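Working notes for the structure below.
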Amino acid sequence: MKRMLARCALITVAAGAAFAITACASDSPVSPEGFAAGPSALSRQSSQVNAGIYQLSFYTNGLVPVTTLVAGSGSELILGGLVTDVAGAPAQAGSVTFQYCSLKGFPPNDITRADEAPSSACASGDGDWARLTTVPVDASGHAYMDFGIVMLPRTIGFRFAYTRKGGAVSSGVSAPADFTWVAG
């Protein structure tokens, strides 16, 4: 009788092992193939990317919000980008590329023939968005760039492009906004 029970137990174990091998052979995250792919494959399956909100703001020295500045006054314009998801949670990773509207056919950095233009020039096709610099976002979803001092009155269109780097907020572009320097 002991031999018979031992033989039944062996058959049950063998049948259970065959069932376990068959059940694990599918291409699932818990299959041998899923584990061979490594933990990054598993995290990609469970990560979620959310739509973003991309807000451009203008500041001067000390991050004081401004809507205009006096040309040649010595006050610097600081561009600020804020990236959050639709619920208001800040982007934790990624970078912001600040851009300005540049008139086609005009040389950049030439004070006698300025290429900077209002955002309407880029909307109409008379200008293109030109890259200023790329800055990583901080833990609060902010990125800043010092545009500097402008000597002549003018209006310049700005925007920024956010590039996601492993965070939960999708890549996107802010709405353009114009900033004006007035005569003193």
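If you're wondering about the labels, chains in the structure tokens are A, B, ... by order shown, residues count from 1 in each chain, ligands from 1 in order shown.
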| So which bits of stretch 22-159 of chain A end up helix (DSSP H, G or I) when you DSSP the backbone, as number ranges by chain? | A: 22-23, 32-37, 39-46, 119-124
Please, could you write that set of residues out with all heavy atoms as a tab-separated table (two decimals), in the first residue's frame?
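Writing the result to selection14.tsv gives the following:
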chain	number	residue	atom	x	y	z
A	22	THR	N	3.51	24.48	-18.64
A	22	THR	CA	2.60	24.91	-19.70
A	22	THR	C	1.99	26.27	-19.37
A	22	THR	O	1.90	27.14	-20.22
A	22	THR	CB	1.47	23.87	-19.90
A	22	THR	OG1	2.07	22.61	-20.18
A	22	THR	CG2	0.56	24.26	-21.03
A	23	ALA	N	1.60	26.49	-18.13
A	23	ALA	CA	0.97	27.75	-17.73
A	23	ALA	C	1.95	28.91	-17.83
A	23	ALA	O	1.57	30.02	-18.16
A	23	ALA	CB	0.45	27.64	-16.30
A	32	PRO	N	8.79	33.22	-18.26
A	32	PRO	CA	10.25	33.32	-18.29
A	32	PRO	C	10.73	34.40	-19.25
A	32	PRO	O	11.70	35.09	-18.99
A	32	PRO	CB	10.68	31.92	-18.74
A	32	PRO	CG	9.56	31.02	-18.34
A	32	PRO	CD	8.32	31.86	-18.45
A	33	GLU	N	10.05	34.59	-20.38
A	33	GLU	CA	10.45	35.63	-21.32
A	33	GLU	C	10.30	37.01	-20.71
A	33	GLU	O	11.10	37.90	-20.93
A	33	GLU	CB	9.63	35.54	-22.61
A	33	GLU	CG	9.90	34.31	-23.45
A	33	GLU	CD	9.13	33.09	-22.97
A	33	GLU	OE1	8.23	33.21	-22.11
A	33	GLU	OE2	9.42	31.99	-23.45
A	34	GLY	N	9.23	37.22	-19.94
A	34	GLY	CA	9.01	38.51	-19.29
A	34	GLY	C	10.13	38.84	-18.31
A	34	GLY	O	10.60	39.96	-18.23
A	35	PHE	N	10.57	37.83	-17.55
A	35	PHE	CA	11.66	38.06	-16.61
A	35	PHE	C	12.97	38.26	-17.34
A	35	PHE	O	13.80	39.04	-16.92
A	35	PHE	CB	11.77	36.89	-15.62
A	35	PHE	CG	10.67	36.90	-14.60
A	35	PHE	CD1	9.77	35.87	-14.53
A	35	PHE	CD2	10.54	37.96	-13.73
A	35	PHE	CE1	8.75	35.89	-13.60
A	35	PHE	CE2	9.52	37.98	-12.79
A	35	PHE	CZ	8.62	36.94	-12.73
A	36	ALA	N	13.17	37.57	-18.45
A	36	ALA	CA	14.41	37.74	-19.20
A	36	ALA	C	14.52	39.15	-19.76
A	36	ALA	O	15.61	39.67	-19.94
A	36	ALA	CB	14.48	36.72	-20.34
A	37	ALA	N	13.38	39.78	-20.05
A	37	ALA	CA	13.40	41.13	-20.59
A	37	ALA	C	13.86	42.14	-19.54
A	37	ALA	O	14.27	43.23	-19.87
A	37	ALA	CB	12.02	41.52	-21.12
A	39	PRO	N	13.43	44.22	-15.53
A	39	PRO	CA	12.43	45.03	-14.84
A	39	PRO	C	11.95	46.23	-15.65
A	39	PRO	O	10.86	46.69	-15.47
A	39	PRO	CB	13.14	45.47	-13.55
A	39	PRO	CG	14.58	45.22	-13.77
A	39	PRO	CD	14.70	44.19	-14.84
A	40	SER	N	12.80	46.75	-16.56
A	40	SER	CA	12.37	47.92	-17.33
A	40	SER	C	11.20	47.57	-18.23
A	40	SER	O	10.32	48.39	-18.47
A	40	SER	CB	13.51	48.49	-18.15
A	40	SER	OG	13.96	47.54	-19.10
A	41	ALA	N	11.15	46.36	-18.76
A	41	ALA	CA	10.02	45.95	-19.60
A	41	ALA	C	8.75	45.91	-18.77
A	41	ALA	O	7.68	46.29	-19.23
A	41	ALA	CB	10.29	44.59	-20.24
A	42	LEU	N	8.86	45.45	-17.52
A	42	LEU	CA	7.69	45.40	-16.66
A	42	LEU	C	7.22	46.80	-16.30
A	42	LEU	O	6.03	47.08	-16.30
A	42	LEU	CB	8.01	44.62	-15.38
A	42	LEU	CG	8.36	43.14	-15.59
A	42	LEU	CD1	8.76	42.52	-14.26
A	42	LEU	CD2	7.19	42.40	-16.19
A	43	SER	N	8.14	47.72	-16.01
A	43	SER	CA	7.74	49.07	-15.62
A	43	SER	C	7.15	49.82	-16.81
A	43	SER	O	6.28	50.66	-16.63
A	43	SER	CB	8.91	49.84	-15.02
A	43	SER	OG	9.93	50.01	-15.97
A	44	ARG	N	7.61	49.55	-18.03
A	44	ARG	CA	7.03	50.21	-19.20
A	44	ARG	C	5.57	49.83	-19.35
A	44	ARG	O	4.75	50.63	-19.77
A	44	ARG	CB	7.80	49.82	-20.47
A	44	ARG	CG	9.02	50.64	-20.71
A	44	ARG	CD	9.51	50.46	-22.13
A	44	ARG	NE	9.68	49.08	-22.52
A	44	ARG	CZ	10.80	48.40	-22.43
A	44	ARG	NH1	11.87	48.95	-21.92
A	44	ARG	NH2	10.87	47.14	-22.83
A	45	GLN	N	5.25	48.58	-19.02
A	45	GLN	CA	3.87	48.14	-19.17
A	45	GLN	C	2.96	48.83	-18.17
A	45	GLN	O	1.80	49.06	-18.44
A	45	GLN	CB	3.79	46.63	-19.00
A	45	GLN	CG	4.47	45.89	-20.14
A	45	GLN	CD	4.54	44.40	-19.88
A	45	GLN	OE1	4.15	43.94	-18.81
A	45	GLN	NE2	5.04	43.65	-20.84
A	46	SER	N	3.49	49.16	-16.98
A	46	SER	CA	2.64	49.72	-15.95
A	46	SER	C	2.72	51.25	-15.87
A	46	SER	O	1.94	51.85	-15.15
A	46	SER	CB	3.00	49.12	-14.59
A	46	SER	OG	4.32	49.47	-14.27
A	119	SER	N	4.84	86.88	-32.02
A	119	SER	CA	4.44	85.51	-32.35
A	119	SER	C	3.54	85.46	-33.59
A	119	SER	O	3.49	84.43	-34.27
A	119	SER	CB	3.74	84.85	-31.16
A	119	SER	OG	2.61	85.59	-30.76
A	120	SER	N	2.88	86.56	-33.92
A	120	SER	CA	2.03	86.57	-35.11
A	120	SER	C	2.84	86.34	-36.39
A	120	SER	O	2.33	85.78	-37.37
A	120	SER	CB	1.26	87.90	-35.21
A	120	SER	OG	2.17	88.99	-35.29
A	121	ALA	N	4.12	86.72	-36.40
A	121	ALA	CA	4.98	86.47	-37.56
A	121	ALA	C	5.22	84.98	-37.75
A	121	ALA	O	5.27	84.50	-38.89
A	121	ALA	CB	6.31	87.21	-37.42
A	122	CYS	N	5.34	84.25	-36.68
A	122	CYS	CA	5.50	82.79	-36.79
A	122	CYS	C	4.18	82.14	-37.18
A	122	CYS	O	4.17	81.17	-37.94
A	122	CYS	CB	6.04	82.21	-35.49
A	122	CYS	SG	7.81	82.50	-35.27
A	123	ALA	N	3.07	82.67	-36.69
A	123	ALA	CA	1.76	82.12	-37.06
A	123	ALA	C	1.45	82.34	-38.54
A	123	ALA	O	0.83	81.49	-39.19
A	123	ALA	CB	0.67	82.75	-36.19
A	124	SER	N	1.91	83.45	-39.10
A	124	SER	CA	1.64	83.77	-40.51
A	124	SER	C	2.63	83.12	-41.47
A	124	SER	O	2.41	83.12	-42.68
A	124	SER	CB	1.66	85.28	-40.73
A	124	SER	OG	2.99	85.78	-40.63
| request: Select, from A:Gly52, A:Gly94, A:Pro176, A:Gly125, the residue with the minimum atom-to-atom distance to A:Ile156, counting only C-alpha atoms. | output: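 Using only C-alpha atoms, A:Ile156 sits closest to A:Pro176.
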| message | With only C-alpha atoms as the counted atoms, please give the residues lying no more than 10 Å from stretch 163-175 of chain A, apart from itself and same-chain residues fewer than 2 positions off, as an MDAnalysis selection string. | response | chainID A and resid 44 47:56 81:86 89:98 119 134 136:137 158:161 177
Preceding selection exported with N, CA and C atoms as a JSON list (two decimals), in the first residue's frame:
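Result file is result_21.json:
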[["chain", "number", "residue", "atom", "x", "y", "z"],
["A", 44, "ARG", "N", 7.61, 49.55, -18.03],
["A", 44, "ARG", "CA", 7.03, 50.21, -19.20],
["A", 44, "ARG", "C", 5.57, 49.83, -19.35],
["A", 47, "SER", "N", 3.67, 51.89, -16.58],
["A", 47, "SER", "CA", 3.79, 53.35, -16.48],
["A", 47, "SER", "C", 2.70, 54.02, -17.29],
["A", 48, "GLN", "N", 2.28, 55.19, -16.83],
["A", 48, "GLN", "CA", 1.22, 55.93, -17.50],
["A", 48, "GLN", "C", 1.71, 57.35, -17.76],
["A", 49, "VAL", "N", 1.49, 57.85, -18.97],
["A", 49, "VAL", "CA", 1.87, 59.20, -19.33],
["A", 49, "VAL", "C", 0.61, 60.04, -19.39],
["A", 50, "ASN", "N", 0.62, 61.18, -18.72],
["A", 50, "ASN", "CA", -0.54, 62.05, -18.64],
["A", 50, "ASN", "C", -0.36, 63.28, -19.52],
["A", 51, "ALA", "N", -1.46, 63.83, -19.98],
["A", 51, "ALA", "CA", -1.43, 65.08, -20.74],
["A", 51, "ALA", "C", -0.85, 66.17, -19.84],
["A", 52, "GLY", "N", -0.23, 67.15, -20.47],
["A", 52, "GLY", "CA", 0.41, 68.19, -19.70],
["A", 52, "GLY", "C", -0.19, 69.57, -19.89],
["A", 53, "ILE", "N", 0.15, 70.46, -18.98],
["A", 53, "ILE", "CA", -0.17, 71.89, -19.08],
["A", 53, "ILE", "C", 1.17, 72.60, -19.09],
["A", 54, "TYR", "N", 1.36, 73.48, -20.08],
["A", 54, "TYR", "CA", 2.64, 74.14, -20.31],
["A", 54, "TYR", "C", 2.43, 75.64, -20.24],
["A", 55, "GLN", "N", 2.89, 76.28, -19.16],
["A", 55, "GLN", "CA", 2.63, 77.70, -18.92],
["A", 55, "GLN", "C", 3.92, 78.51, -19.03],
["A", 56, "LEU", "N", 3.90, 79.51, -19.91],
["A", 56, "LEU", "CA", 5.02, 80.43, -20.08],
["A", 56, "LEU", "C", 4.73, 81.70, -19.28],
["A", 81, "GLY", "N", 9.14, 78.67, -17.45],
["A", 81, "GLY", "CA", 8.27, 77.62, -17.95],
["A", 81, "GLY", "C", 7.83, 76.75, -16.79],
["A", 82, "LEU", "N", 6.55, 76.45, -16.73],
["A", 82, "LEU", "CA", 6.01, 75.55, -15.71],
["A", 82, "LEU", "C", 5.31, 74.41, -16.42],
["A", 83, "VAL", "N", 5.67, 73.18, -16.05],
["A", 83, "VAL", "CA", 5.08, 71.99, -16.66],
["A", 83, "VAL", "C", 4.41, 71.17, -15.57],
["A", 84, "THR", "N", 3.11, 70.92, -15.74],
["A", 84, "THR", "CA", 2.35, 70.09, -14.81],
["A", 84, "THR", "C", 1.46, 69.14, -15.60],
["A", 85, "ASP", "N", 0.90, 68.14, -14.89],
["A", 85, "ASP", "CA", -0.13, 67.35, -15.53],
["A", 85, "ASP", "C", -1.47, 68.06, -15.32],
["A", 86, "VAL", "N", -2.54, 67.54, -15.88],
["A", 86, "VAL", "CA", -3.83, 68.24, -15.81],
["A", 86, "VAL", "C", -4.36, 68.35, -14.39],
["A", 89, "ALA", "N", -0.05, 68.27, -10.79],
["A", 89, "ALA", "CA", 1.20, 67.69, -10.28],
["A", 89, "ALA", "C", 2.35, 68.09, -11.20],
["A", 90, "PRO", "N", 3.46, 68.61, -10.64],
["A", 90, "PRO", "CA", 4.57, 69.08, -11.49],
["A", 90, "PRO", "C", 5.32, 67.94, -12.17],
["A", 91, "ALA", "N", 5.85, 68.24, -13.34],
["A", 91, "ALA", "CA", 6.75, 67.31, -14.02],
["A", 91, "ALA", "C", 7.98, 67.13, -13.14],
["A", 92, "GLN", "N", 8.44, 65.92, -12.99],
["A", 92, "GLN", "CA", 9.59, 65.63, -12.14],
["A", 92, "GLN", "C", 10.87, 65.41, -12.93],
["A", 93, "ALA", "N", 10.76, 65.33, -14.24],
["A", 93, "ALA", "CA", 11.93, 65.09, -15.08],
["A", 93, "ALA", "C", 11.64, 65.69, -16.45],
["A", 94, "GLY", "N", 12.68, 65.84, -17.23],
["A", 94, "GLY", "CA", 12.53, 66.39, -18.58],
["A", 94, "GLY", "C", 13.19, 67.74, -18.69],
["A", 95, "SER", "N", 13.03, 68.34, -19.86],
["A", 95, "SER", "CA", 13.67, 69.63, -20.10],
["A", 95, "SER", "C", 12.77, 70.55, -20.92],
["A", 96, "VAL", "N", 13.05, 71.83, -20.81],
["A", 96, "VAL", "CA", 12.32, 72.87, -21.51],
["A", 96, "VAL", "C", 13.29, 73.55, -22.48],
["A", 97, "THR", "N", 12.88, 73.66, -23.74],
["A", 97, "THR", "CA", 13.65, 74.40, -24.73],
["A", 97, "THR", "C", 12.91, 75.70, -25.03],
["A", 98, "PHE", "N", 13.49, 76.82, -24.59],
["A", 98, "PHE", "CA", 12.88, 78.12, -24.84],
["A", 98, "PHE", "C", 13.15, 78.53, -26.29],
["A", 119, "SER", "N", 4.84, 86.88, -32.02],
["A", 119, "SER", "CA", 4.44, 85.51, -32.35],
["A", 119, "SER", "C", 3.54, 85.46, -33.59],
["A", 134, "THR", "N", 18.19, 75.11, -23.75],
["A", 134, "THR", "CA", 17.44, 74.02, -23.11],
["A", 134, "THR", "C", 17.86, 73.95, -21.65],
["A", 136, "PRO", "N", 16.86, 71.93, -17.78],
["A", 136, "PRO", "CA", 16.08, 70.87, -17.13],
["A", 136, "PRO", "C", 15.03, 71.48, -16.19],
["A", 137, "VAL", "N", 13.89, 70.79, -16.06],
["A", 137, "VAL", "CA", 12.89, 71.24, -15.08],
["A", 137, "VAL", "C", 13.36, 70.84, -13.68],
["A", 158, "PHE", "N", 7.50, 84.48, -27.68],
["A", 158, "PHE", "CA", 8.23, 83.39, -27.05],
["A", 158, "PHE", "C", 7.31, 82.19, -26.89],
["A", 159, "ARG", "N", 7.90, 81.03, -26.75],
["A", 159, "ARG", "CA", 7.21, 79.80, -26.36],
["A", 159, "ARG", "C", 8.28, 78.82, -25.86],
["A", 160, "PHE", "N", 7.84, 77.67, -25.35],
["A", 160, "PHE", "CA", 8.81, 76.63, -25.01],
["A", 160, "PHE", "C", 8.25, 75.27, -25.37],
["A", 161, "ALA", "N", 9.17, 74.36, -25.62],
["A", 161, "ALA", "CA", 8.83, 72.96, -25.90],
["A", 161, "ALA", "C", 9.35, 72.12, -24.74],
["A", 177, "ALA", "N", 3.49, 83.51, -26.43],
["A", 177, "ALA", "CA", 3.12, 84.74, -25.72],
["A", 177, "ALA", "C", 4.12, 85.82, -26.13]]
Please report as a Markdown table every residue of stretch 45-142 of chain A lying within 9 Å of stretch 150-153 of chain A, along with the nearest atom pair and their distance in Å (one decimal), using only C-alpha atoms.
| residue | atom | partner | partner_atom | distance |
| --- | --- | --- | --- | --- |
| A:Leu69 | CA | A:Val150 | CA | 8.9 |
| A:Val70 | CA | A:Pro153 | CA | 7.6 |
| A:Ala71 | CA | A:Met151 | CA | 4.9 |
| A:Gly72 | CA | A:Met151 | CA | 4.1 |
| A:Ser73 | CA | A:Met151 | CA | 7.8 |
| A:Gly74 | CA | A:Val150 | CA | 8.2 |
| A:Ser75 | CA | A:Val150 | CA | 8.5 |
| A:Glu76 | CA | A:Val150 | CA | 7.7 |
| A:Leu77 | CA | A:Val150 | CA | 8.3 |
| A:Ile111 | CA | A:Leu152 | CA | 8.6 |
